[in-house]
Every structure is written in C-alpha cells, then in structure tokens.
>>> print(open('coords_20.txt').read())   # compact mmCIF, C-alpha atoms
# COMPACT_ATOMS: atom_id res chain seq x y z
CA MET H 909 52.97 -53.58 8.59
CA SER H 910 53.47 -50.05 7.23
CA MET H 911 52.66 -51.48 3.78
CA LEU H 912 49.38 -52.89 5.16
CA TRP H 913 48.50 -49.50 6.69
CA SER H 914 49.23 -47.71 3.43
CA VAL H 915 46.82 -50.05 1.65
CA ARG H 916 44.20 -49.47 4.35
CA VAL H 917 44.56 -45.68 4.16
CA GLY H 918 44.44 -45.82 0.35
CA LEU H 919 41.28 -47.93 0.37
CA GLY H 920 39.77 -45.58 2.97
CA VAL H 921 40.40 -42.56 0.76
CA VAL H 922 38.89 -44.32 -2.26
CA ALA H 923 35.84 -45.37 -0.19
CA LEU H 924 35.38 -41.82 1.10
CA SER H 925 35.62 -40.33 -2.40
CA LEU H 926 33.12 -42.86 -3.71
CA SER H 927 30.73 -42.09 -0.83
CA VAL H 928 30.85 -38.37 -1.57
CA GLU H 929 30.24 -39.04 -5.28
CA VAL H 930 27.30 -41.30 -4.47
CA PHE H 931 25.85 -38.73 -2.07
CA VAL H 932 26.11 -35.88 -4.58
CA TRP H 933 24.58 -38.07 -7.30
CA LEU H 934 21.71 -39.14 -5.04
CA TYR H 935 21.08 -35.57 -3.88
CA HIS H 936 20.79 -34.25 -7.42
CA ARG H 937 18.75 -37.27 -8.42
CA LEU H 938 16.24 -37.08 -5.58
CA ARG H 939 15.73 -33.37 -4.99
CA PRO H 940 12.66 -31.87 -6.70
CA ALA H 941 13.47 -30.36 -10.09
CA ARG H 942 13.48 -26.58 -10.09
CA THR H 943 10.33 -25.43 -11.84
CA LEU H 944 9.92 -22.44 -14.10
CA ASN H 945 8.42 -19.48 -12.26
CA GLU H 946 8.52 -16.25 -14.24
CA VAL H 947 6.71 -12.96 -13.68
CA LEU H 948 6.18 -10.41 -16.45
CA PHE H 949 5.02 -6.86 -15.89
CA PHE H 950 3.34 -4.51 -18.29
CA PRO H 951 3.08 -2.06 -20.02
CA SER H 952 5.61 -3.69 -22.28
CA GLU H 953 8.12 -1.85 -24.37
CA VAL H 954 7.24 -2.02 -28.06
CA SER H 955 9.57 -4.04 -30.26
CA CYS H 956 9.42 -5.94 -33.52
CA VAL H 957 8.24 -9.53 -32.97
CA GLU H 958 8.54 -10.71 -36.60
CA ASN H 959 11.52 -12.91 -35.73
CA LEU H 960 9.31 -14.91 -33.34
CA PHE H 961 6.98 -15.82 -36.19
CA LYS H 962 9.62 -16.31 -38.87
CA ALA H 963 12.55 -17.91 -37.12
CA SER H 964 14.00 -19.09 -40.43
CA SER H 965 14.55 -15.55 -41.76
CA PRO H 966 15.38 -13.50 -38.67
CA HIS H 967 16.93 -10.54 -40.52
CA SER H 968 14.21 -9.97 -43.08
CA CYS H 969 12.20 -7.31 -41.23
CA HIS H 970 12.97 -3.66 -41.89
CA CYS H 971 10.17 -2.05 -39.86
CA PRO H 972 11.08 0.99 -37.74
CA LEU H 973 10.54 -0.78 -34.40
CA PRO H 974 13.52 -1.92 -32.31
CA HIS H 975 14.61 -5.43 -33.32
CA ARG H 976 15.79 -8.32 -31.17
CA VAL H 977 14.81 -6.53 -27.97
CA GLU H 978 13.39 -8.87 -25.35
CA THR H 979 10.28 -7.37 -23.75
CA SER H 980 7.50 -8.65 -21.50
CA PHE H 981 5.35 -9.03 -24.60
CA SER H 982 7.98 -10.92 -26.59
CA ARG H 983 8.48 -13.25 -23.59
CA LEU H 984 4.71 -13.88 -23.50
CA LEU H 985 4.67 -14.61 -27.24
CA CYS H 986 7.68 -16.95 -26.90
CA HIS H 987 5.97 -18.99 -24.20
CA LEU H 988 2.78 -19.20 -26.28
CA LEU H 989 4.62 -20.15 -29.46
CA SER H 990 6.47 -22.90 -27.55
CA ALA H 991 3.26 -24.97 -27.66
CA SER H 992 3.85 -28.25 -29.48
CA SER H 993 0.69 -30.23 -28.76
CA SER H 994 -2.09 -28.15 -27.16
CA LEU H 995 -3.22 -24.70 -26.09
CA ASP H 996 -6.23 -24.14 -23.84
CA LEU H 997 -7.11 -20.47 -23.65
CA CYS H 998 -9.69 -19.01 -21.27
CA ILE H 999 -9.96 -15.31 -21.97
CA PHE H 1000 -12.19 -12.39 -21.07
CA ALA H 1001 -11.15 -9.88 -23.76
CA PHE H 1002 -9.10 -10.85 -26.83
CA SER H 1003 -8.39 -8.18 -29.45
CA ASN H 1004 -4.59 -8.13 -29.66
CA LEU H 1005 -3.57 -8.86 -33.25
CA ASP H 1006 -0.10 -10.28 -32.45
CA LEU H 1007 -1.57 -12.69 -29.91
CA SER H 1008 -4.27 -13.67 -32.41
CA ARG H 1009 -1.55 -14.27 -35.01
CA ALA H 1010 0.32 -16.47 -32.52
CA VAL H 1011 -2.79 -18.59 -31.88
CA LEU H 1012 -3.42 -18.89 -35.65
CA ALA H 1013 0.23 -19.87 -36.21
CA LEU H 1014 -0.08 -22.63 -33.63
CA HIS H 1015 -3.30 -23.82 -35.27
CA SER H 1016 -1.62 -23.99 -38.68
CA ARG H 1017 1.20 -26.06 -37.08
CA GLY H 1018 -1.36 -28.62 -35.92
CA VAL H 1019 -1.47 -27.65 -32.24
CA THR H 1020 -4.86 -28.57 -30.74
CA ILE H 1021 -6.47 -25.34 -29.58
CA ARG H 1022 -9.54 -24.71 -27.46
CA VAL H 1023 -10.67 -21.16 -26.77
CA LEU H 1024 -13.20 -20.35 -24.07
CA ALA H 1025 -14.39 -16.75 -24.22
CA ASP H 1026 -16.70 -14.36 -22.46
CA GLN H 1027 -19.81 -14.10 -24.61
CA ASP H 1028 -20.34 -10.34 -24.28
CA TYR H 1029 -16.72 -9.42 -25.00
CA SER H 1030 -16.53 -11.76 -27.99
CA VAL H 1031 -18.83 -9.54 -30.01
CA ILE H 1032 -17.28 -6.15 -29.33
CA THR H 1033 -15.47 -4.39 -32.14
CA GLY H 1034 -11.99 -5.77 -32.70
CA SER H 1035 -12.52 -9.05 -30.85
CA GLN H 1036 -10.47 -11.84 -32.40
CA ILE H 1037 -12.79 -14.64 -31.28
CA GLY H 1038 -14.69 -14.61 -34.59
CA VAL H 1039 -11.40 -14.62 -36.53
CA LEU H 1040 -10.21 -17.70 -34.65
CA ARG H 1041 -13.53 -19.46 -35.23
CA LYS H 1042 -13.41 -18.69 -38.95
CA ALA H 1043 -9.94 -20.24 -39.09
CA GLY H 1044 -11.44 -23.48 -37.77
CA ILE H 1045 -10.32 -23.16 -34.15
CA CYS H 1046 -12.66 -24.68 -31.59
CA VAL H 1047 -14.28 -21.77 -29.73
CA ARG H 1048 -16.90 -21.82 -26.99
CA GLY H 1049 -18.71 -19.07 -25.11
CA HIS H 1050 -19.16 -19.19 -21.37
CA VAL H 1051 -22.70 -18.81 -20.08
CA GLY H 1052 -24.16 -18.46 -16.60
CA SER H 1053 -22.13 -15.73 -14.91
CA VAL H 1054 -21.90 -11.95 -15.15
CA HIS H 1055 -18.40 -12.11 -16.64
CA MET H 1056 -16.06 -14.95 -17.51
CA HIS H 1057 -13.16 -12.85 -16.25
CA HIS H 1058 -10.30 -15.38 -16.43
CA LYS H 1059 -7.25 -14.52 -18.51
CA PHE H 1060 -5.22 -17.72 -18.54
CA ALA H 1061 -3.72 -20.19 -20.96
CA VAL H 1062 -2.34 -23.69 -20.46
CA VAL H 1063 0.37 -24.69 -22.93
CA ASP H 1064 0.91 -28.41 -23.64
CA GLY H 1065 -0.97 -29.29 -20.44
CA ARG H 1066 1.95 -28.20 -18.25
CA LEU H 1067 2.73 -24.47 -18.56
CA LEU H 1068 0.33 -21.98 -16.99
CA ILE H 1069 0.15 -18.36 -18.14
CA THR H 1070 -2.17 -16.28 -15.95
CA GLY H 1071 -2.56 -12.83 -14.45
CA SER H 1072 -4.38 -9.53 -14.75
CA LEU H 1073 -3.61 -9.02 -18.45
CA ASN H 1074 -6.44 -9.18 -20.95
CA TRP H 1075 -5.26 -9.94 -24.47
CA THR H 1076 -5.77 -6.41 -25.79
CA LEU H 1077 -3.39 -3.80 -27.18
CA THR H 1078 -4.25 -1.36 -24.39
CA ALA H 1079 -3.47 -3.93 -21.70
CA VAL H 1080 -0.10 -4.79 -23.31
CA GLN H 1081 1.08 -1.28 -24.19
CA ASN H 1082 -0.72 1.09 -21.82
CA ASN H 1083 -1.89 -0.59 -18.61
CA VAL H 1084 0.01 -1.62 -15.50
CA GLU H 1085 -0.49 -5.39 -15.57
CA ASN H 1086 1.10 -8.69 -14.56
CA ILE H 1087 1.45 -12.24 -15.81
CA ILE H 1088 2.74 -15.31 -14.00
CA ILE H 1089 4.25 -18.13 -16.07
CA THR H 1090 4.80 -21.36 -14.19
CA HIS H 1091 5.30 -25.11 -14.46
CA GLU H 1092 4.43 -25.58 -10.77
CA PRO H 1093 1.97 -28.52 -10.76
CA ASP H 1094 0.15 -27.24 -7.65
CA LEU H 1095 -0.78 -24.16 -9.66
CA VAL H 1096 -1.13 -25.65 -13.16
CA LEU H 1097 -3.40 -28.60 -12.31
CA PRO H 1098 -6.24 -26.57 -10.72
CA PHE H 1099 -6.35 -24.36 -13.85
CA ILE H 1100 -6.47 -27.45 -16.10
CA LYS H 1101 -9.43 -28.74 -14.07
CA GLU H 1102 -11.09 -25.31 -14.13
CA PHE H 1103 -10.75 -25.13 -17.92
CA GLN H 1104 -12.27 -28.59 -18.33
CA ARG H 1105 -15.13 -27.75 -15.94
CA LEU H 1106 -15.99 -24.56 -17.83
CA TRP H 1107 -15.48 -26.17 -21.25
CA VAL H 1108 -18.10 -28.87 -20.72
CA GLN H 1109 -20.53 -26.29 -19.28
CA SER H 1110 -20.14 -23.92 -22.20
CA GLU H 1111 -21.97 -23.41 -25.41
CA PRO H 1112 -20.37 -25.10 -28.44
CA ASP H 1113 -22.69 -23.58 -31.02
CA TRP H 1114 -23.00 -20.12 -29.60
CA CYS H 1115 -20.52 -18.42 -31.91
CA HIS H 1116 -22.16 -19.20 -35.26
CA PHE H 1117 -23.31 -15.58 -35.47
CA LEU H 1118 -19.82 -14.14 -35.08
CA SER H 1119 -19.20 -12.41 -38.35
CA ASN H 1120 -15.80 -10.77 -38.02
CA MET U 848 40.62 -64.16 13.74
CA SER U 849 36.86 -64.77 13.65
CA MET U 850 36.58 -62.34 16.61
CA LEU U 851 38.47 -59.71 14.60
CA TRP U 852 36.14 -60.22 11.60
CA SER U 853 33.06 -59.93 13.81
CA VAL U 854 34.35 -56.59 15.10
CA ARG U 855 35.05 -55.45 11.53
CA VAL U 856 31.58 -56.48 10.31
CA GLY U 857 29.97 -54.84 13.35
CA LEU U 858 31.86 -51.60 12.75
CA GLY U 859 30.92 -51.77 9.05
CA VAL U 860 27.22 -52.07 9.89
CA VAL U 861 27.45 -49.16 12.33
CA ALA U 862 29.29 -47.05 9.72
CA LEU U 863 26.70 -47.90 7.07
CA SER U 864 23.80 -47.02 9.38
CA LEU U 865 25.43 -43.73 10.30
CA SER U 866 26.02 -42.93 6.63
CA VAL U 867 22.37 -43.56 5.79
CA GLU U 868 21.28 -41.36 8.73
CA VAL U 869 23.61 -38.57 7.66
CA PHE U 870 22.42 -38.84 4.07
CA VAL U 871 18.73 -38.68 5.03
CA TRP U 872 19.40 -35.75 7.36
CA LEU U 873 21.34 -33.85 4.68
CA TYR U 874 18.69 -34.59 2.05
CA HIS U 875 15.88 -33.20 4.18
CA ARG U 876 18.09 -30.29 5.25
CA LEU U 877 19.19 -29.28 1.75
CA ARG U 878 16.12 -29.86 -0.40
CA PRO U 879 13.89 -26.81 -0.97
CA ALA U 880 11.05 -26.58 1.56
CA ARG U 881 7.61 -27.24 0.11
CA THR U 882 5.92 -23.89 -0.34
CA LEU U 883 2.26 -22.96 -0.12
CA ASN U 884 0.62 -22.88 -3.54
CA GLU U 885 -3.15 -22.52 -3.45
CA VAL U 886 -5.61 -21.64 -6.20
CA LEU U 887 -9.09 -20.28 -5.49
CA PHE U 888 -11.84 -20.01 -8.07
CA PHE U 889 -14.86 -17.78 -8.08
CA PRO U 890 -17.79 -17.10 -7.99
CA SER U 891 -17.65 -18.09 -4.37
CA GLU U 892 -20.51 -19.61 -2.44
CA VAL U 893 -21.98 -17.14 0.02
CA SER U 894 -21.46 -17.90 3.69
CA CYS U 895 -21.29 -16.02 6.97
CA VAL U 896 -17.77 -14.76 7.64
CA GLU U 897 -18.43 -13.21 11.07
CA ASN U 898 -16.39 -15.92 12.79
CA LEU U 899 -13.30 -14.77 10.85
CA PHE U 900 -13.60 -11.29 12.36
CA LYS U 901 -14.69 -12.35 15.86
CA ALA U 902 -12.77 -15.50 16.59
CA SER U 903 -13.42 -15.13 20.33
CA SER U 904 -17.20 -15.52 19.99
CA PRO U 905 -17.67 -17.91 17.10
CA HIS U 906 -21.28 -18.84 17.89
CA SER U 907 -22.70 -15.35 18.28
CA CYS U 908 -23.96 -14.80 14.73
CA HIS U 909 -27.56 -15.68 13.94
CA CYS U 910 -27.75 -14.35 10.36
CA PRO U 911 -29.53 -16.55 7.78
CA LEU U 912 -26.35 -17.35 5.81
CA PRO U 913 -24.68 -20.76 6.12
CA HIS U 914 -22.17 -20.75 8.99
CA ARG U 915 -18.73 -22.33 9.21
CA VAL U 916 -18.71 -23.19 5.52
CA GLU U 917 -15.30 -22.81 3.93
CA THR U 918 -15.56 -21.01 0.59
CA SER U 919 -13.13 -19.40 -1.83
CA PHE U 920 -14.02 -16.06 -0.31
CA SER U 921 -13.53 -17.20 3.29
CA ARG U 922 -10.13 -18.66 2.30
CA LEU U 923 -9.17 -15.31 0.77
CA LEU U 924 -10.26 -13.48 3.93
CA CYS U 925 -8.34 -15.94 6.13
CA HIS U 926 -5.12 -15.36 4.20
CA LEU U 927 -5.57 -11.59 4.41
CA LEU U 928 -6.40 -11.66 8.10
CA SER U 929 -3.29 -13.76 8.75
CA ALA U 930 -1.20 -10.59 8.29
CA SER U 931 0.78 -9.83 11.44
CA SER U 932 3.17 -7.09 10.32
CA SER U 933 2.37 -5.66 6.87
CA LEU U 934 -0.06 -5.63 3.97
CA ASP U 935 0.79 -4.06 0.62
CA LEU U 936 -2.27 -3.90 -1.60
CA CYS U 937 -2.20 -2.92 -5.27
CA ILE U 938 -5.76 -2.89 -6.55
CA PHE U 939 -7.69 -1.73 -9.59
CA ALA U 940 -11.25 -1.79 -8.20
CA PHE U 941 -12.03 -2.06 -4.47
CA SER U 942 -15.65 -1.86 -3.35
CA ASN U 943 -16.17 -5.14 -1.47
CA LEU U 944 -17.32 -4.31 2.08
CA ASP U 945 -16.03 -7.51 3.72
CA LEU U 946 -12.58 -7.04 2.19
CA SER U 947 -12.62 -3.40 3.30
CA ARG U 948 -13.58 -4.54 6.80
CA ALA U 949 -10.66 -6.99 6.78
CA VAL U 950 -8.18 -4.26 5.82
CA LEU U 951 -9.61 -1.95 8.52
CA ALA U 952 -9.38 -4.77 11.09
CA LEU U 953 -5.70 -5.28 10.23
CA HIS U 954 -5.11 -1.53 10.53
CA SER U 955 -6.70 -1.46 13.97
CA ARG U 956 -4.42 -4.35 15.02
CA GLY U 957 -1.37 -2.28 14.10
CA VAL U 958 -0.51 -3.98 10.82
CA THR U 959 1.34 -1.54 8.51
CA ILE U 960 -0.81 -1.10 5.43
CA ARG U 961 -0.07 0.58 2.09
CA VAL U 962 -2.78 0.74 -0.57
CA LEU U 963 -1.97 1.64 -4.16
CA ALA U 964 -5.10 2.24 -6.22
CA ASP U 965 -6.17 3.14 -9.72
CA GLN U 966 -7.08 6.81 -9.65
CA ASP U 967 -10.18 6.60 -11.86
CA TYR U 968 -11.68 3.60 -10.05
CA SER U 969 -11.04 5.11 -6.62
CA VAL U 970 -13.71 7.75 -7.16
CA ILE U 971 -16.52 5.58 -8.50
CA THR U 972 -19.56 5.02 -6.32
CA GLY U 973 -18.94 2.44 -3.64
CA SER U 974 -15.15 2.52 -3.80
CA GLN U 975 -13.60 1.80 -0.42
CA ILE U 976 -10.39 3.73 -1.07
CA GLY U 977 -11.78 6.89 0.55
CA VAL U 978 -13.00 4.86 3.56
CA LEU U 979 -9.52 3.41 4.08
CA ARG U 980 -7.92 6.83 3.79
CA LYS U 981 -10.33 8.32 6.33
CA ALA U 982 -9.37 5.55 8.74
CA GLY U 983 -5.77 6.71 8.51
CA ILE U 984 -4.47 4.05 6.12
CA CYS U 985 -1.71 5.16 3.77
CA VAL U 986 -3.25 5.34 0.29
CA ARG U 987 -1.67 6.42 -2.99
CA GLY U 988 -3.06 6.77 -6.50
CA HIS U 989 -1.17 5.50 -9.51
CA VAL U 990 -0.57 7.97 -12.31
CA GLY U 991 0.90 7.63 -15.79
CA SER U 992 -0.90 4.70 -17.38
CA VAL U 993 -4.36 4.06 -18.81
CA HIS U 994 -5.26 1.70 -15.97
CA MET U 995 -3.40 0.41 -12.92
CA HIS U 996 -4.95 -3.00 -13.50
CA HIS U 997 -3.07 -5.07 -10.89
CA LYS U 998 -5.10 -6.94 -8.29
CA PHE U 999 -2.50 -8.26 -5.88
CA ALA U 1000 -1.61 -8.16 -2.21
CA VAL U 1001 1.58 -9.10 -0.37
CA VAL U 1002 1.04 -10.22 3.23
CA ASP U 1003 3.94 -9.85 5.69
CA GLY U 1004 6.38 -9.53 2.79
CA ARG U 1005 6.15 -13.23 1.97
CA LEU U 1006 2.65 -14.30 0.89
CA LEU U 1007 1.42 -13.25 -2.54
CA ILE U 1008 -2.28 -13.08 -3.40
CA THR U 1009 -2.87 -12.31 -7.09
CA GLY U 1010 -5.17 -13.14 -9.97
CA SER U 1011 -8.03 -11.87 -12.08
CA LEU U 1012 -10.28 -10.93 -9.14
CA ASN U 1013 -11.02 -7.29 -8.47
CA TRP U 1014 -12.10 -6.62 -4.90
CA THR U 1015 -15.78 -6.07 -5.73
CA LEU U 1016 -18.95 -7.91 -4.75
CA THR U 1017 -19.72 -8.77 -8.38
CA ALA U 1018 -16.29 -10.31 -8.90
CA VAL U 1019 -16.60 -12.42 -5.74
CA GLN U 1020 -20.22 -13.56 -6.11
CA ASN U 1021 -21.04 -13.38 -9.82
CA ASN U 1022 -17.95 -13.57 -12.03
CA VAL U 1023 -15.78 -16.51 -13.05
CA GLU U 1024 -12.44 -15.51 -11.53
CA ASN U 1025 -9.23 -16.91 -10.08
CA ILE U 1026 -6.72 -16.14 -7.35
CA ILE U 1027 -3.30 -17.67 -6.73
CA ILE U 1028 -1.92 -17.67 -3.19
CA THR U 1029 1.74 -18.55 -2.89
CA HIS U 1030 4.87 -18.35 -0.76
CA GLU U 1031 7.08 -19.17 -3.75
CA PRO U 1032 9.93 -16.60 -3.57
CA ASP U 1033 10.42 -16.59 -7.37
CA LEU U 1034 6.85 -15.30 -7.66
CA VAL U 1035 6.57 -13.19 -4.49
CA LEU U 1036 9.78 -11.17 -4.84
CA PRO U 1037 9.02 -9.66 -8.28
CA PHE U 1038 5.64 -8.47 -6.97
CA ILE U 1039 7.31 -6.90 -3.90
CA LYS U 1040 9.69 -5.03 -6.23
CA GLU U 1041 6.80 -4.02 -8.51
CA PHE U 1042 4.85 -2.64 -5.54
CA GLN U 1043 7.85 -0.63 -4.36
CA ARG U 1044 8.51 0.68 -7.89
CA LEU U 1045 4.90 1.85 -8.29
CA TRP U 1046 4.67 3.18 -4.74
CA VAL U 1047 7.57 5.63 -5.12
CA GLN U 1048 6.19 6.75 -8.51
CA SER U 1049 2.70 7.39 -7.19
CA GLU U 1050 0.94 10.39 -5.83
CA PRO U 1051 0.86 10.58 -2.01
CA ASP U 1052 -1.47 13.57 -1.80
CA TRP U 1053 -3.81 12.73 -4.59
CA CYS U 1054 -6.60 11.35 -2.47
CA HIS U 1055 -7.31 14.41 -0.33
CA PHE U 1056 -10.48 14.99 -2.34
CA LEU U 1057 -11.91 11.54 -1.69
CA SER U 1058 -15.04 12.24 0.30
CA ASN U 1059 -16.67 8.87 0.93
>>> encode(input="coords_20.txt", output="structure tokens")
Amino acid sequence: MSMLWSVRVGLGVVALSLSVEVFVWLYHRLRPARTLNEVLFFPSEVSCVENLFKASSPHSCHCPLPHRVETSFSRLLCHLLSASSSLDLCIFAFSNLDLSRAVLALHSRGVTIRVLADQDYSVITGSQIGVLRKAGICVRGHVGSVHMHHKFAVVDGRLLITGSLNWTLTAVQNNVENIIITHEPDLVLPFIKEFQRLWVQSEPDWCHFLSN
Amino acid sequence: MSMLWSVRVGLGVVALSLSVEVFVWLYHRLRPARTLNEVLFFPSEVSCVENLFKASSPHSCHCPLPHRVETSFSRLLCHLLSASSSLDLCIFAFSNLDLSRAVLALHSRGVTIRVLADQDYSVITGSQIGVLRKAGICVRGHVGSVHMHHKFAVVDGRLLITGSLNWTLTAVQNNVENIIITHEPDLVLPFIKEFQRLWVQSEPDWCHFLSN
C-alpha cells in the first residue's frame, strides 16, 4: 500500500511540475509582445557618426569629434538606417546633412523611399529636398494648407519616428526637442494612413524647379 | 470499482475546470493592461466647444458653428479638461484662446499648473503666457538654447499629449499637424523627467515684464 502511495505522490509531483511548465509556456506565448517605445531628447551631444555609415571599417575615422559615443542623434540615425524595405518621410524642414546622407544611403541600398515635404520650406537655402530629388528619390510637395508641419518617418511600415524635431542642424544641436520612436501599432497605423492620405493629395511634379 | 472510477473521473473534471479558471484569471491578472494610445491629426474642423466648458448647460449656445461635433480639437480639449490634479505644460508657442481658456478653467478648479515656455515666443503679439501669469499660474521661461521647441503636456502625471502642434490658431485650423495622446508609461515617464529637468533649470522670475 505504501508503494502505491509513493507512486501516486510521485505522479502527482510530475503532474504539478508539468502544469506549471505548461502555464509558464502559455503565459509567455499569449501575452502581448513588449513593443519598442523610446524617447530621445535634444539638443544632442555632438559625436562622430561615421561608424554608422561605414560599419565595415569602424576604426577608420580620425576626426576630432568623440567616437563611439551614443547620443540622441546617433540613436535617431541608427533607427533610420535600420530600414530594410521602405522609408516614408513627412517633413516640414529638412536641411541636416547627416540625415540627408542617411536617406541617400538607404536609397543606394535599394530601400523604397517616399518624401513628402512642405513646399515653402523645400526651397529655402540649405534644404535637402532638391538633393534627394536629384538622386532619384520620389519627392512630393504638400499643397492646400498653411504649413505641412509634420516631422515623422515610418520605417519598414512598422517603426514610427515622430516628435517636435525638424531635420535641421539647429534643431539637433541647439534646440530643446523630442522624438518618440515606437512599434506600437495603435500609434504607427494612423501615421501610415496619414502619410498615404497626404501622398495621394500631393503634387508629384511640383519639385522640377528645385535646383540645389 | 466502477463507483471509484466515477469519483476519480469526476474529481479529474473538477480539477481540470479549476485549473483552466485559475489560468484564465492569472493570465488576465498578469498581462499588461491595454493603455490609451490615440492620434489626432490637424487641421481640425471648426466646431463649437462651449459644451466642453459648460457641461451643466449643454444647450445654451446659439453660435453659428456646428454643435456637438467631435473634432481633433475638441478631443484635445477634452483630454486637457480631464485634468483633476495637475497639468505640466511645456510649450513653444501658445496663442490659442480656447486652449488658454481651458488652462484657466483648470486653474480655477484648483488643478496645479506649471507652464514652461520659450522666452522669445512668450512676448510675441497674442501670446497667452502673460495672461496665464496674470491669473496666478506658475510660469517659467526656458533659457540656454536657441528654441525651447517642445509642445507637450502631462495631465495628472500619467497622460502625455505631444506632437508637432503648437498651441496657436493657425496650427489648429490651418496647418497639417499631429498629436499623440498616450498613457504608455515608457513614453510618459521620460517626458515627466524632461519637464522636471527643464523646470529646475528655468527662470522663475523672468516673466515679470510680461504685460499682456
């Protein structure tokens, strides 16, 4: 009889262990995946970002800036350069040369890029919109409002980058600014729809006069 | 023997049911609660917002604007007016009269309000920063950067309102703009820390010269 009870207790322990295992597995399986939610504040410290563009030769830069220092700006560049299939950019003011270089790098890698810009700010001195167009990137100008004041990007249709930061050197290095970077579908999807809505409304041939 | 097996099977079914109940309860208990994530786009339609300020007499307004129409702007006002204990506002440009009225209404209800403003934009014609200060609201001016370009508010220490939208009439009615409204702690907490960081750095007595 004691033998029978030992077997019963043993089986009970095994059953309990299995139940706990199954519960833990199901919990991790069924709970919503934790999404990326990152906030960056500016002004950003200034550091060398060459390694982000030339990952294969990370030690080749000898400029006087600090190297391998993670800053708000380097985080922003990293998220942008993570694009593997598409980048939709909806931007009020775009004159930052490093950000322009990042967009051109993605274009040369074959990432599909669409840039929607404010018409007035696309023609001011230093704007990179003409540069992007000359490189063959699809650029449109928004019409029909006082300002197209958005400053957001959607990377690969799933990562939203948005905030107060215009893509200018002053905004990055001198202003107090913020950027949110998120995978949260409740936030990303409305911006994808907004981009599409504005894109079809906007002027495809407007930028032929951009000379820079 | 068949009686004994019936009891065993019965107990097994009861145990299984209880296990399922416990699992479902634990799953709902342990999974992260679904947070508010709302995106508003502008320009907003224009509608009467009197009912948001005078909830006790919702039918008293006879102005020619559409009534009881929910717009991006009315949603923004609703979220602001939901404040019951505190409002921390960090704003580049603030000249919108309805938003000023909302902040004043919260102040008169006893909500603790702190306003951190860009110094240059606080003195332009139509800025409401002087009006808020005259009403006794605690206002500070940010120093030490080209622009304090944030446009965010934290309601009751848990609801973040942020985006591209300055608190001006042009931004609300004429520009293409966005606002994110979220309870997500990963997004809210960095903005609370940023507000506190800027608040202690900023000038408490700077606005004594504001005359409007």
>>> residues_around(input="coords_20.txt", residues="stretch 995-997 of chain U", least_positions_apart="6", cutoff="9 Å", atoms="all atoms listed in the file", output="list in words")
Gly1071, Ser1072, Leu1073, Ala1079, Asn1083, Val1084, Glu1085 and Asn1086 of chain H; Cys937, Ile938, Phe939, Ala940, Leu963, Ala964, Asp965, Gln966, His989, Thr1009, Gly1010, Ser1011 and Asn1013 of chain U
>>> atom_distance(input="coords_20.txt", atom1="atom CA of H:Asn1004", atom2="atom CA of H:Ile1037")
10.6 Å
>>> residues_around(input="coords_20.txt", residues="H:Gln1036", least_positions_apart="3", cutoff="6 Å", atoms="only C-alpha atoms", output="MDAnalysis selection string")
chainID H and resid 1002:1003 1039
>>> atom_distance(input="coords_20.txt", atom1="atom CA of U:Leu934", atom2="atom CA of U:Val993")
25.1 Å
>>> residues_around(input="coords_20.txt", residues="H:Leu1014", least_positions_apart="6", cutoff="10 Å", atoms="all atoms listed in the file", output="PyMOL selection string")
chain H and resi 988-995+1008+1020-1021
>>> atom_distance(input="coords_20.txt", atom1="atom CA of H:Arg1041", atom2="atom CA of H:Val1023")
9.1 Å
>>> closest_residue(input="coords_20.txt", among="U:Lys1040, U:His994, U:Arg948, U:Arg1005", to="chain H", atoms="all atoms listed in the file")
U:His994
>>> residues_around(input="coords_20.txt", residues="H:Ile1088", least_positions_apart="4", cutoff="8 Å", atoms="only C-alpha atoms", output="number ranges by chain")
H: 945-948, 1068-1071; U: 1034
>>> residues_around(input="coords_20.txt", residues="H:Leu1097", least_positions_apart="3", cutoff="10 Å", atoms="all atoms listed in the file", output="list in words")
Val1062, Gly1065, Arg1066, Leu1067, Leu1068, His1091, Glu1092, Pro1093, Asp1094, Ile1100, Lys1101, Glu1102 and Phe1103 of chain H; Val886 of chain U
>>> closest_residue(input="coords_20.txt", among="U:Val854, U:Leu883, U:Ile971, U:Val1002", to="chain H", atoms="only C-alpha atoms")
U:Leu883
>>> closest_residue(input="coords_20.txt", among="U:Val856, U:Val1047, U:Val990, U:Ala982", to="chain H", atoms="all atoms listed in the file")
U:Val990
>>> closest_residue(input="coords_20.txt", among="U:Ser891, U:Ser992, U:Arg956, U:Arg961", to="U:Leu979", atoms="only C-alpha atoms")
U:Arg961
